[in-house]
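Participant: I'm passing along entry_36.cif; it holds mmCIF, C-alpha atoms and all ligand atoms.
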data_structure
loop_
_atom_site.label_atom_id
_atom_site.label_comp_id
_atom_site.auth_asym_id
_atom_site.auth_seq_id
_atom_site.Cartn_x
_atom_site.Cartn_y
_atom_site.Cartn_z
CA MET A 1 7.07 31.66 20.18
CA THR A 2 9.16 28.84 18.67
CA GLU A 3 8.25 27.67 15.19
CA GLN A 4 6.84 24.11 14.89
CA GLN A 5 9.25 21.68 13.24
CA PRO A 6 8.09 20.57 9.79
CA VAL A 7 7.15 16.98 9.00
CA ALA A 8 8.35 15.46 5.73
CA VAL A 9 6.31 13.51 3.20
CA LEU A 10 8.41 11.85 0.50
CA GLY A 11 6.61 11.29 -2.80
CA GLY A 12 4.71 13.56 -5.16
CA GLY A 13 1.95 11.09 -6.02
CA SER A 14 -1.65 10.84 -4.92
CA PHE A 15 -1.06 9.32 -1.50
CA GLY A 16 1.83 11.61 -0.57
CA THR A 17 -0.35 14.59 -1.48
CA ALA A 18 -3.40 13.32 0.43
CA VAL A 19 -1.35 12.68 3.58
CA ALA A 20 0.50 16.00 3.27
CA ASN A 21 -2.87 17.75 3.16
CA LEU A 22 -4.12 15.88 6.25
CA LEU A 23 -1.05 16.95 8.21
CA ALA A 24 -1.34 20.56 7.07
CA GLU A 25 -5.04 20.65 7.93
CA ASN A 26 -4.02 19.71 11.47
CA GLY A 27 -1.72 22.76 11.58
CA VAL A 28 1.50 20.77 11.00
CA PRO A 29 3.96 22.45 8.59
CA VAL A 30 4.80 19.97 5.81
CA ARG A 31 7.65 19.61 3.34
CA GLN A 32 6.43 17.37 0.52
CA TRP A 33 9.47 16.15 -1.39
CA MET A 34 9.20 15.09 -5.02
CA ARG A 35 11.98 14.33 -7.46
CA ASP A 36 10.70 16.55 -10.28
CA PRO A 37 11.55 20.24 -9.70
CA GLU A 38 8.98 21.35 -12.29
CA GLN A 39 6.23 19.45 -10.52
CA ALA A 40 7.24 21.01 -7.19
CA GLU A 41 7.29 24.51 -8.67
CA ALA A 42 3.91 24.03 -10.39
CA MET A 43 2.38 22.73 -7.15
CA ARG A 44 3.83 25.68 -5.21
CA VAL A 45 2.29 28.16 -7.62
CA ASN A 46 -1.00 26.46 -8.57
CA ARG A 47 -1.72 24.63 -5.28
CA GLU A 48 -2.78 21.50 -7.17
CA ASN A 49 -1.23 18.16 -8.18
CA PRO A 50 -3.15 17.72 -11.45
CA ARG A 51 -1.47 14.54 -12.66
CA TYR A 52 -2.19 12.52 -9.51
CA LEU A 53 -4.99 14.32 -7.62
CA LYS A 54 -6.80 16.56 -10.05
CA GLY A 55 -9.24 19.03 -8.54
CA ILE A 56 -7.88 18.79 -4.97
CA ARG A 57 -6.44 21.98 -3.51
CA VAL A 58 -3.01 21.54 -1.95
CA HIS A 59 -3.14 23.17 1.49
CA ASP A 60 -1.10 26.33 2.01
CA GLY A 61 0.72 24.57 4.85
CA VAL A 62 2.26 22.10 2.39
CA GLU A 63 5.55 23.24 0.88
CA PRO A 64 6.35 21.20 -2.24
CA VAL A 65 10.16 20.81 -2.40
CA ASN A 66 12.72 18.91 -4.41
CA ASP A 67 15.84 19.15 -2.25
CA LEU A 68 15.87 15.76 -0.49
CA LEU A 69 18.96 16.45 1.61
CA ALA A 70 17.55 19.67 3.07
CA THR A 71 14.18 17.99 3.70
CA LEU A 72 15.72 15.08 5.62
CA GLN A 73 17.89 17.49 7.61
CA ALA A 74 14.96 19.70 8.57
CA CYS A 75 12.48 16.99 9.65
CA ASP A 76 12.56 14.40 12.45
CA LEU A 77 9.33 12.69 11.38
CA ILE A 78 9.29 11.43 7.80
CA PHE A 79 6.40 9.74 5.98
CA VAL A 80 7.55 7.73 2.97
CA ALA A 81 5.02 7.52 0.11
CA LEU A 82 7.33 6.40 -2.70
CA PRO A 83 6.65 3.45 -5.01
CA SER A 84 8.21 0.28 -3.58
CA SER A 85 10.51 0.09 -6.59
CA ALA A 86 12.05 3.47 -5.65
CA LEU A 87 12.17 3.51 -1.85
CA ARG A 88 15.58 1.92 -1.34
CA SER A 89 17.36 3.82 -4.10
CA VAL A 90 15.98 7.18 -2.94
CA LEU A 91 16.85 6.75 0.76
CA ALA A 92 19.96 4.54 0.86
CA PRO A 93 22.35 7.34 -0.20
CA HIS A 94 21.15 9.40 2.80
CA ALA A 95 21.36 6.70 5.47
CA GLU A 96 23.48 8.84 7.80
CA LEU A 97 20.85 11.58 7.91
CA LEU A 98 18.14 9.14 9.03
CA ARG A 99 19.74 8.19 12.35
CA GLY A 100 17.26 8.72 15.23
CA LYS A 101 14.46 9.95 12.96
CA GLY A 102 10.90 8.61 12.87
CA LEU A 103 10.41 6.89 9.50
CA VAL A 104 6.88 5.79 8.64
CA SER A 105 6.27 3.84 5.46
CA LEU A 106 3.01 4.42 3.60
CA THR A 107 4.18 2.20 0.74
CA LYS A 108 2.33 -1.08 0.12
CA GLY A 109 4.78 -3.27 -1.72
CA ILE A 110 7.44 -5.97 -1.43
CA GLU A 111 11.02 -5.75 -2.74
CA ALA A 112 11.60 -8.08 -5.66
CA GLN A 113 14.66 -10.19 -4.85
CA SER A 114 14.78 -9.90 -1.08
CA PHE A 115 11.03 -10.26 -0.32
CA LYS A 116 11.54 -7.42 2.16
CA LEU A 117 8.68 -5.19 3.22
CA MET A 118 9.33 -1.47 3.01
CA SER A 119 9.79 -0.92 6.74
CA GLN A 120 12.33 -3.76 6.76
CA ILE A 121 14.26 -1.92 4.07
CA LEU A 122 14.07 1.29 6.11
CA GLU A 123 15.36 -0.64 9.11
CA GLU A 124 18.22 -2.04 7.08
CA ILE A 125 19.18 1.37 5.67
CA ALA A 126 18.78 3.17 8.99
CA PRO A 127 19.11 0.74 11.92
CA GLN A 128 19.08 3.59 14.39
CA ALA A 129 15.89 5.15 13.11
CA ARG A 130 12.45 4.66 14.70
CA ILE A 131 10.40 2.66 12.21
CA GLY A 132 6.68 2.40 11.62
CA VAL A 133 4.08 1.77 8.93
CA LEU A 134 0.71 3.25 8.13
CA SER A 135 -1.81 1.02 6.36
CA GLY A 136 -5.55 0.53 6.03
CA PRO A 137 -8.50 1.12 3.70
CA ASN A 138 -7.13 4.41 2.46
CA LEU A 139 -7.94 5.44 -1.09
CA ALA A 140 -6.03 8.69 -1.58
CA ARG A 141 -8.79 10.55 -3.39
CA GLU A 142 -11.38 9.73 -0.75
CA ILE A 143 -9.03 10.93 1.99
CA ALA A 144 -8.37 14.13 0.05
CA GLU A 145 -12.12 14.65 -0.34
CA HIS A 146 -12.58 14.19 3.42
CA ALA A 147 -14.51 10.93 3.32
CA LEU A 148 -14.57 9.57 6.87
CA THR A 149 -11.59 7.23 6.98
CA ALA A 150 -9.63 5.08 9.42
CA THR A 151 -6.10 3.77 9.27
CA VAL A 152 -3.57 1.89 11.41
CA VAL A 153 -0.14 3.05 12.49
CA ALA A 154 1.98 0.09 13.49
CA SER A 155 5.29 0.05 15.27
CA GLU A 156 7.04 -1.63 18.16
CA ASP A 157 7.79 1.94 19.25
CA GLU A 158 4.65 3.06 21.07
CA ALA A 159 5.84 6.66 21.30
CA LEU A 160 6.16 6.76 17.51
CA CYS A 161 2.57 5.48 17.15
CA GLN A 162 1.40 8.22 19.50
CA GLN A 163 3.37 10.85 17.61
CA VAL A 164 1.78 9.77 14.33
CA GLN A 165 -1.68 9.76 15.92
CA ALA A 166 -1.04 13.28 17.25
CA VAL A 167 -0.18 14.75 13.86
CA LEU A 168 -2.58 12.78 11.63
CA HIS A 169 -5.69 12.07 13.70
CA GLY A 170 -8.36 14.59 12.75
CA ARG A 171 -11.98 15.44 11.99
CA THR A 172 -12.25 12.99 9.08
CA PHE A 173 -9.28 10.69 9.71
CA ARG A 174 -9.03 8.25 12.62
CA VAL A 175 -5.67 6.65 13.37
CA TYR A 176 -5.66 3.37 15.29
CA ALA A 177 -2.42 2.00 16.75
CA SER A 178 -1.00 -1.52 16.55
CA ALA A 179 2.19 -3.16 17.76
CA ASP A 180 2.09 -5.70 14.88
CA ARG A 181 4.12 -3.88 12.23
CA PHE A 182 4.76 -7.03 10.19
CA GLY A 183 1.11 -8.10 10.00
CA VAL A 184 -0.19 -4.62 9.24
CA GLU A 185 2.36 -4.07 6.50
CA LEU A 186 1.95 -7.52 4.96
CA GLY A 187 -1.84 -7.06 4.78
CA GLY A 188 -1.42 -3.83 2.80
CA ALA A 189 0.99 -5.41 0.34
CA LEU A 190 -0.87 -8.69 -0.25
CA LYS A 191 -4.35 -7.32 -0.86
CA ASN A 192 -3.22 -5.54 -4.03
CA VAL A 193 -2.95 -8.87 -5.85
CA TYR A 194 -6.52 -9.85 -4.99
CA ALA A 195 -7.79 -6.43 -6.11
CA ILE A 196 -6.48 -7.23 -9.60
CA ILE A 197 -8.50 -10.47 -9.56
CA ALA A 198 -11.60 -8.66 -8.26
CA GLY A 199 -11.38 -6.01 -11.00
CA MET A 200 -11.07 -8.76 -13.58
CA ALA A 201 -14.13 -10.58 -12.23
CA VAL A 202 -16.25 -7.43 -12.46
CA ALA A 203 -15.15 -6.76 -16.04
CA LEU A 204 -16.17 -10.31 -16.89
CA GLY A 205 -19.66 -9.65 -15.55
CA MET A 206 -19.40 -12.00 -12.58
CA GLY A 207 -21.99 -11.52 -9.85
CA GLU A 208 -22.06 -10.66 -6.17
CA ASN A 209 -21.69 -14.29 -5.04
CA THR A 210 -18.45 -14.49 -6.95
CA LYS A 211 -17.18 -11.21 -5.55
CA SER A 212 -17.95 -12.29 -2.02
CA MET A 213 -16.31 -15.69 -2.52
CA LEU A 214 -13.22 -14.00 -3.94
CA ILE A 215 -12.80 -11.55 -1.08
CA THR A 216 -13.37 -14.17 1.59
CA ARG A 217 -11.10 -16.77 0.05
CA ALA A 218 -8.50 -14.06 -0.58
CA LEU A 219 -8.57 -13.27 3.13
CA ALA A 220 -8.10 -16.97 3.94
CA GLU A 221 -5.26 -17.26 1.44
CA MET A 222 -3.35 -14.16 2.52
CA THR A 223 -3.78 -15.01 6.19
CA ARG A 224 -2.55 -18.57 5.63
CA PHE A 225 0.52 -17.19 3.91
CA ALA A 226 1.13 -14.55 6.57
CA VAL A 227 0.81 -17.09 9.39
CA SER A 228 3.41 -19.27 7.67
CA LEU A 229 5.79 -16.30 7.90
CA GLY A 230 5.04 -15.83 11.60
CA ALA A 231 2.39 -13.07 11.43
CA ASN A 232 -0.51 -12.82 13.87
CA PRO A 233 -3.71 -13.91 12.04
CA MET A 234 -5.85 -11.61 14.20
CA THR A 235 -4.27 -8.56 12.54
CA PHE A 236 -5.90 -9.68 9.29
CA LEU A 237 -9.32 -9.20 10.85
CA GLY A 238 -8.55 -5.50 11.32
CA LEU A 239 -8.49 -2.41 9.13
CA ALA A 240 -5.15 -3.24 7.55
CA GLY A 241 -6.31 -6.76 6.65
CA VAL A 242 -9.95 -7.34 5.78
CA GLY A 243 -10.64 -3.57 5.79
CA ASP A 244 -8.12 -2.81 3.08
CA LEU A 245 -9.00 -5.98 1.18
CA ILE A 246 -12.66 -4.94 0.97
CA VAL A 247 -12.01 -1.41 -0.24
CA THR A 248 -9.39 -2.38 -2.79
CA CYS A 249 -11.40 -5.31 -4.16
CA SER A 250 -14.61 -3.25 -4.36
CA SER A 251 -13.65 0.16 -5.61
CA PRO A 252 -13.03 1.23 -9.21
CA LYS A 253 -10.93 4.00 -7.62
CA SER A 254 -8.27 1.41 -6.72
CA ARG A 255 -5.49 1.34 -9.31
CA ASN A 256 -4.94 -2.40 -8.79
CA TYR A 257 -8.63 -3.03 -9.37
CA GLN A 258 -8.41 -0.86 -12.51
CA VAL A 259 -5.53 -2.96 -13.86
CA GLY A 260 -7.61 -6.09 -13.28
CA HIS A 261 -10.65 -4.52 -14.90
CA ALA A 262 -8.63 -3.60 -17.99
CA LEU A 263 -7.26 -7.16 -18.16
CA GLY A 264 -10.81 -8.48 -17.95
CA GLN A 265 -11.72 -6.24 -20.88
CA GLY A 266 -9.03 -7.95 -22.93
CA LEU A 267 -6.07 -5.56 -22.62
CA SER A 268 -2.59 -7.04 -22.19
CA LEU A 269 -0.79 -6.43 -18.89
CA GLU A 270 1.50 -3.88 -20.57
CA GLN A 271 -1.49 -2.03 -22.02
CA ALA A 272 -3.36 -2.10 -18.71
CA VAL A 273 -0.38 -0.74 -16.75
CA SER A 274 0.47 1.93 -19.28
CA ARG A 275 -3.16 3.08 -19.56
CA LEU A 276 -3.20 3.49 -15.76
CA GLY A 277 -0.06 5.67 -15.68
CA GLU A 278 0.13 5.37 -11.86
CA VAL A 279 1.56 2.86 -9.42
CA ALA A 280 -0.24 -0.51 -9.16
CA GLU A 281 1.94 -2.40 -6.69
CA GLY A 282 -0.01 -5.66 -7.10
CA VAL A 283 1.66 -6.51 -10.41
CA ASN A 284 5.13 -6.83 -8.89
CA THR A 285 3.79 -8.25 -5.65
CA LEU A 286 2.16 -11.07 -7.62
CA LYS A 287 5.51 -12.17 -9.06
CA VAL A 288 7.38 -12.20 -5.75
CA LEU A 289 4.46 -13.70 -3.87
CA LYS A 290 4.09 -16.62 -6.28
CA ALA A 291 7.79 -17.43 -5.87
CA LYS A 292 7.71 -17.06 -2.09
CA ALA A 293 4.56 -19.20 -1.73
CA GLN A 294 6.33 -21.92 -3.68
CA GLU A 295 9.44 -21.59 -1.54
CA VAL A 296 7.56 -21.82 1.78
CA GLN A 297 5.08 -24.36 0.35
CA VAL A 298 1.88 -22.48 1.10
CA TYR A 299 -1.23 -23.23 -0.96
CA MET A 300 -2.26 -19.98 -2.70
CA PRO A 301 -4.60 -20.95 -5.56
CA LEU A 302 -5.75 -17.40 -6.36
CA VAL A 303 -2.19 -16.11 -6.59
CA ALA A 304 -1.14 -19.13 -8.65
CA GLY A 305 -4.17 -18.70 -10.94
CA LEU A 306 -3.55 -15.01 -11.65
CA HIS A 307 0.14 -15.71 -12.19
CA ALA A 308 -0.74 -18.49 -14.65
CA ILE A 309 -2.95 -16.11 -16.66
CA LEU A 310 -0.51 -13.19 -16.70
CA PHE A 311 2.84 -14.94 -16.99
CA GLU A 312 2.34 -18.59 -17.98
CA GLY A 313 0.03 -18.32 -20.96
CA ARG A 314 -3.01 -19.98 -19.36
CA THR A 315 -6.46 -18.80 -20.37
CA LEU A 316 -8.90 -17.40 -17.89
CA ASN A 317 -11.31 -20.27 -18.53
CA GLN A 318 -8.64 -22.87 -17.84
CA VAL A 319 -7.78 -21.19 -14.55
CA ILE A 320 -11.41 -20.78 -13.44
CA GLU A 321 -12.11 -24.43 -14.27
CA HIS A 322 -9.06 -25.50 -12.29
CA LEU A 323 -9.97 -23.33 -9.27
CA MET A 324 -13.60 -24.45 -9.12
CA ARG A 325 -12.83 -28.14 -9.60
CA ALA A 326 -9.97 -28.22 -7.08
CA GLU A 327 -10.31 -30.64 -4.18
CA PRO A 328 -12.96 -29.41 -1.67
CA LYS A 329 -11.47 -27.70 1.39
CA THR A 330 -12.45 -26.72 4.91
CA ASP A 331 -13.67 -23.16 5.52
CA VAL A 332 -11.57 -20.87 7.75
CA ASP A 333 -8.65 -23.24 7.40
CA PHE A 334 -5.96 -20.78 8.45
CA ILE A 335 -6.92 -21.11 12.12
CA SER A 336 -7.94 -24.56 13.33
CA ILE A 337 -11.56 -24.06 14.37
CA SER A 338 -13.34 -26.22 11.80
CA GLY A 339 -14.70 -28.56 14.48
CA PHE A 340 -13.73 -31.60 12.38
CA ASN A 341 -11.28 -34.07 13.83
N1 LIG A 401 -2.93 6.20 -3.85
C1 LIG A 401 -3.48 5.56 -2.84
O1 LIG A 401 -4.72 5.53 -2.69
C2 LIG A 401 -2.61 4.87 -1.84
C3 LIG A 401 -3.13 4.58 -0.58
C4 LIG A 401 -2.34 3.91 0.35
C5 LIG A 401 -1.05 3.55 0.01
N2 LIG A 401 -0.57 3.85 -1.22
C6 LIG A 401 0.81 3.43 -1.53
O2 LIG A 401 1.61 4.59 -1.66
C7 LIG A 401 2.72 4.30 -2.53
C8 LIG A 401 2.83 5.46 -3.50
O3 LIG A 401 1.67 5.44 -4.27
P1 LIG A 401 0.92 6.69 -4.87
O4 LIG A 401 -0.49 6.30 -4.96
O5 LIG A 401 1.23 7.96 -4.19
O6 LIG A 401 1.57 6.64 -6.33
P2 LIG A 401 1.29 7.54 -7.60
O7 LIG A 401 1.27 6.67 -8.78
O8 LIG A 401 0.11 8.44 -7.34
O9 LIG A 401 2.59 8.44 -7.64
C9 LIG A 401 3.87 7.91 -7.61
C10 LIG A 401 4.84 9.03 -7.32
O10 LIG A 401 6.14 8.47 -7.12
C11 LIG A 401 7.06 9.22 -7.90
N3 LIG A 401 8.20 8.38 -8.23
C12 LIG A 401 8.24 7.33 -9.08
N4 LIG A 401 9.50 6.85 -9.12
C13 LIG A 401 10.25 7.62 -8.30
C14 LIG A 401 11.61 7.64 -7.95
N5 LIG A 401 12.48 6.76 -8.43
N6 LIG A 401 12.03 8.59 -7.08
C15 LIG A 401 11.17 9.48 -6.57
N7 LIG A 401 9.87 9.53 -6.86
C16 LIG A 401 9.42 8.60 -7.72
C17 LIG A 401 6.26 9.67 -9.11
O11 LIG A 401 6.90 10.76 -9.72
C18 LIG A 401 4.95 10.05 -8.44
O12 LIG A 401 5.05 11.34 -7.89
C19 LIG A 401 2.38 2.94 -3.19
O13 LIG A 401 3.14 1.95 -2.57
C20 LIG A 401 0.92 2.72 -2.88
O14 LIG A 401 0.59 1.36 -2.74
C21 LIG A 401 -1.31 4.49 -2.15
O1 LIG A 402 -5.18 2.36 -5.65
P1 LIG A 402 -4.54 1.14 -5.05
O2 LIG A 402 -5.02 -0.12 -5.66
O3 LIG A 402 -3.05 1.28 -4.97
O4 LIG A 402 -5.05 1.05 -3.52
C1 LIG A 402 -4.93 2.17 -2.73
C2 LIG A 402 -4.93 1.83 -1.25
O5 LIG A 402 -3.93 0.89 -0.95
C3 LIG A 402 -6.26 1.38 -0.73
O6 LIG A 402 -6.18 1.23 0.66
#
Kindly return the structure encoded in the file as C-alpha cells.
Ligand SMILES: NC(=O)c1ccc[n+]([C@@H]2O[C@H](COP(=O)([O-])OP(=O)(O)OC[C@H]3O[C@@H](n4cnc5c(N)ncnc54)[C@H](O)[C@@H]3O)[C@@H](O)[C@H]2O)c1
Ligand SMILES: O=P(O)(O)OC[C@H](O)CO
Facilitator:
Amino acid sequence: MTEQQPVAVLGGGSFGTAVANLLAENGVPVRQWMRDPEQAEAMRVNRENPRYLKGIRVHDGVEPVNDLLATLQACDLIFVALPSSALRSVLAPHAELLRGKGLVSLTKGIEAQSFKLMSQILEEIAPQARIGVLSGPNLAREIAEHALTATVVASEDEALCQQVQAVLHGRTFRVYASADRFGVELGGALKNVYAIIAGMAVALGMGENTKSMLITRALAEMTRFAVSLGANPMTFLGLAGVGDLIVTCSSPKSRNYQVGHALGQGLSLEQAVSRLGEVAEGVNTLKVLKAKAQEVQVYMPLVAGLHAILFEGRTLNQVIEHLMRAEPKTDVDFISISGFN
C-alpha cells in the first residue's frame, strides 16, 4: 500500500495547531512547521502546545517540524497559518518550491504598505501555485475542543476547494466552498478591527443595544468598503462576513476583542498588546484600513473613530459624541434598497 502524502501546516500558533489536529483526526498525515526548534521538539515529546493551546492534546498524526525546506518539498497542499507580518518573509525565499502546489491562507490580515491580502501575496510569490483561503467564525480553541464549527474555503480553483473539503471536512467541522476569494478573505481581515471596538464597549459597561448597533453598523461599514474595492456584498452575509463578525465581536476568546477590552479598562495599546502575547491582527489592519478608506474616499466612521482614539489622541467620549451626533443616515446603505428616492 502506498503511503498517503503529508499535508503541511505552517505556523506553530493556536490556529495552526487546531487545523493540524483537524487534518490528523481525518487520517491525514501532517507536518506542522514552526520556526522554533525547541517548540517543535517539546511538542513532539509532550504532544501539547502549552503557550498557544494549553490543555489540548496534539494528535499523534501531527509531526511538529522546523525544517521549512523539507516540509515544502514533501507536501503538495500547504495551509499557511503565519501572522500576516511574517507570511511574505517566510515564504518568499522558497518561491521556486511552491510552483504547482496548493497554498491555502488561514491568515486574516492585510500587508502594511501594499494593502495586499495574504492570498494576493502568495499569488505574487508563487504565480504558478494554486491559491485559496480559509475563513469563517473559527476560534482556534473552540475548534480544538470540537465545538461544532463551519468555515469557508474560497478559491477560483474549484478542484482546490474540493481537495480542502476532502481533508478538513469532518464530524465537528463543516467546510463550505466559495468562488469569491477576495470577499471571503477581506471579511476575515476587516472584522478584527470591529472586534477591538466591541471588546472596548463591553469593558465600558455598554449594553446589548449598543453591541447590536455596533455589529450591524460594522457590517454595513465593512461591506461598503469592500464593495468600493469590487467585492461581492452578498459574501458578507455568509460565514466569512457576518458569521465571523459576530463571533469575534461577541467572544472574550477572541484576541482582538481582548485587546479592545483591555483598552476599555484603561490600558495603553502597548500594554494591551503585550499582555495578550499572541497575534491580534486588528491593530495593524486598523492603520492600513484608515489610510485606504481615505484614499478611496469611503465613509468608515467606526474605523476613523477607533483610529482617532488609538493614534490621534482623541478621548473615547469625544469620539462617541462625534459618532452619535453625526448626520443621520439611511439603513442598509451599502446596497440601494432603502425605498427612498
Ligand atoms: N487563533 C485563532 O482563533 C485564529 C482563527 C482563524 C484565523 N487565525 C489567523 O491565523 C493567523 C495566525 O494566528 P494564530 O492565532 O495561530 O497566532 P498565535 O499568536 O497563536 O501564534 C503565532 C505563531 O506565529 C509564529 N510566528 C511569529 N512570527 C513568525 C515568523 N516571523 N516566522 C515564523 N513564525 C512566526 C509564532 O511563533 C507563533 O507560533 C492570524 O492571521 C490569525 O488572524 C487565527
Ligand atoms: O482571536 P482573534 O480575534 O484573532 O479571532 C480569531 C478568529 O479569526 C475568529 O474567527
Participant: Using all atoms listed in the file, what are the residues with an atom within 7 Å of ligand LIG 401 (chain A), set out as a PyMOL selection string?
Facilitator: chain A and resi 11-16+34-36+52+81-84+86+90+106-109+135+138-141+254+278-281
Participant: Adding 8 Å on each side of the box along x, y and z that holds all listed atoms of ligand LIG 402 (chain A), could you give its centre and edge lengths in Å to one decimal, as AutoDock Vina command-line options?
Facilitator:
--center_x -4.7 --center_y 1.1 --center_z -2.5 --size_x 19.2 --size_y 18.5 --size_z 22.3
Participant: Measuring atom to atom with only C-alpha atoms and all ligand atoms, identify which of A:Gly136, A:Gly205, A:Gly260, A:Gly183 is nearest to ligand LIG 402 (chain A).
Facilitator: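 Nearest candidate to ligand LIG 402 (chain A) out of A:Gly136, A:Gly205, A:Gly260, A:Gly183: A:Gly136.
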Participant: Between A:Leu267, A:Leu214, A:Leu186, A:Val288, which one has atoms that come closest to ligand LIG 402 (chain A), using only C-alpha atoms and all ligand atoms?
Facilitator: A:Leu186
Participant: With all atoms listed in the file as the basis for distance, which of A:Arg314, A:His307, A:Lys116, A:Lys191 is at the shortest distance from ligand LIG 402 (chain A)?
Facilitator: A:Lys191
Participant: To one decimal in Å, tell me the separation between atom CA of Thr285 of chain A and atom CA of Gln165 of chain A.
Facilitator: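 Computed distance, atom CA of Thr285 of chain A to atom CA of Gln165 of chain A, equals 28.6 Å.
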Participant: Taking (17.6, 15.7, 8.0) in the file's coordinates as the center, which residues reach within 9 Å of it, counting all atoms listed in the file, put as a VMD selection string?
Facilitator: chain A and resid 68 to 76 94 97 to 99 101
Participant: Fewer than 4 positions away in the same chain doesn't count, so skip those; otherwise give me all residues within 9 Å of segment 55-58 of chain A, counting all atoms listed in the file, as a ChimeraX atom specification.
Facilitator: /A:17-18,20-21,43-44,46-50,62,141,144-145
Participant: Would you write out those residues with C-alpha atoms, as a PDB file, keeping the file's coordinate frame?
Facilitator:
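Full text of part.pdb as output:
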ATOM      1  CA  THR A  17      -0.350  14.590  -1.480  1.00  0.00           C
ATOM      2  CA  ALA A  18      -3.400  13.320   0.430  1.00  0.00           C
ATOM      3  CA  ALA A  20       0.500  16.000   3.270  1.00  0.00           C
ATOM      4  CA  ASN A  21      -2.870  17.750   3.160  1.00  0.00           C
ATOM      5  CA  MET A  43       2.380  22.730  -7.150  1.00  0.00           C
ATOM      6  CA  ARG A  44       3.830  25.680  -5.210  1.00  0.00           C
ATOM      7  CA  ASN A  46      -1.000  26.460  -8.570  1.00  0.00           C
ATOM      8  CA  ARG A  47      -1.720  24.630  -5.280  1.00  0.00           C
ATOM      9  CA  GLU A  48      -2.780  21.500  -7.170  1.00  0.00           C
ATOM     10  CA  ASN A  49      -1.230  18.160  -8.180  1.00  0.00           C
ATOM     11  CA  PRO A  50      -3.150  17.720 -11.450  1.00  0.00           C
ATOM     12  CA  VAL A  62       2.260  22.100   2.390  1.00  0.00           C
ATOM     13  CA  ARG A 141      -8.790  10.550  -3.390  1.00  0.00           C
ATOM     14  CA  ALA A 144      -8.370  14.130   0.050  1.00  0.00           C
ATOM     15  CA  GLU A 145     -12.120  14.650  -0.340  1.00  0.00           C
TER      16      GLU A 145
END
Participant: Could you complete segment 257-268 of chain A so that it carries N, CA, C and O atoms, and give it back as an mmCIF file, keeping the file's coordinate frame?
Facilitator:
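Heads up, here's the output in result.cif:
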data_model
loop_
_atom_site.group_PDB
_atom_site.id
_atom_site.type_symbol
_atom_site.label_atom_id
_atom_site.label_comp_id
_atom_site.auth_asym_id
_atom_site.auth_seq_id
_atom_site.Cartn_x
_atom_site.Cartn_y
_atom_site.Cartn_z
ATOM 1 N N TYR A 257 -7.339 -2.607 -8.834
ATOM 2 C CA TYR A 257 -8.630 -3.030 -9.370
ATOM 3 C C TYR A 257 -8.746 -2.600 -10.835
ATOM 4 O O TYR A 257 -9.199 -3.365 -11.690
ATOM 5 N N GLN A 258 -8.312 -1.368 -11.122
ATOM 6 C CA GLN A 258 -8.410 -0.860 -12.510
ATOM 7 C C GLN A 258 -7.562 -1.689 -13.478
ATOM 8 O O GLN A 258 -7.970 -1.945 -14.606
ATOM 9 N N VAL A 259 -6.374 -2.104 -13.005
ATOM 10 C CA VAL A 259 -5.530 -2.960 -13.860
ATOM 11 C C VAL A 259 -6.271 -4.270 -14.150
ATOM 12 O O VAL A 259 -6.344 -4.725 -15.294
ATOM 13 N N GLY A 260 -6.855 -4.844 -13.102
ATOM 14 C CA GLY A 260 -7.610 -6.090 -13.280
ATOM 15 C C GLY A 260 -8.784 -5.908 -14.225
ATOM 16 O O GLY A 260 -9.049 -6.742 -15.096
ATOM 17 N N HIS A 261 -9.482 -4.795 -14.062
ATOM 18 C CA HIS A 261 -10.650 -4.520 -14.900
ATOM 19 C C HIS A 261 -10.228 -4.429 -16.365
ATOM 20 O O HIS A 261 -10.876 -5.005 -17.260
ATOM 21 N N ALA A 262 -9.116 -3.733 -16.603
ATOM 22 C CA ALA A 262 -8.630 -3.600 -17.990
ATOM 23 C C ALA A 262 -8.231 -4.965 -18.551
ATOM 24 O O ALA A 262 -8.499 -5.270 -19.720
ATOM 25 N N LEU A 263 -7.624 -5.799 -17.705
ATOM 26 C CA LEU A 263 -7.260 -7.160 -18.160
ATOM 27 C C LEU A 263 -8.519 -7.943 -18.518
ATOM 28 O O LEU A 263 -8.561 -8.640 -19.540
ATOM 29 N N GLY A 264 -9.539 -7.786 -17.704
ATOM 30 C CA GLY A 264 -10.810 -8.480 -17.950
ATOM 31 C C GLY A 264 -11.480 -8.002 -19.225
ATOM 32 O O GLY A 264 -12.269 -8.723 -19.837
ATOM 33 N N GLN A 265 -11.155 -6.765 -19.620
ATOM 34 C CA GLN A 265 -11.720 -6.240 -20.880
ATOM 35 C C GLN A 265 -10.900 -6.686 -22.093
ATOM 36 O O GLN A 265 -11.198 -6.303 -23.213
ATOM 37 N N GLY A 266 -9.808 -7.401 -21.821
ATOM 38 C CA GLY A 266 -9.030 -7.950 -22.930
ATOM 39 C C GLY A 266 -7.713 -7.243 -23.199
ATOM 40 O O GLY A 266 -6.985 -7.610 -24.127
ATOM 41 N N LEU A 267 -7.360 -6.228 -22.415
ATOM 42 C CA LEU A 267 -6.070 -5.560 -22.620
ATOM 43 C C LEU A 267 -4.941 -6.477 -22.131
ATOM 44 O O LEU A 267 -5.148 -7.305 -21.228
ATOM 45 N N SER A 268 -3.747 -6.301 -22.708
ATOM 46 C CA SER A 268 -2.590 -7.040 -22.190
ATOM 47 C C SER A 268 -2.143 -6.361 -20.899
ATOM 48 O O SER A 268 -2.546 -5.220 -20.611
#
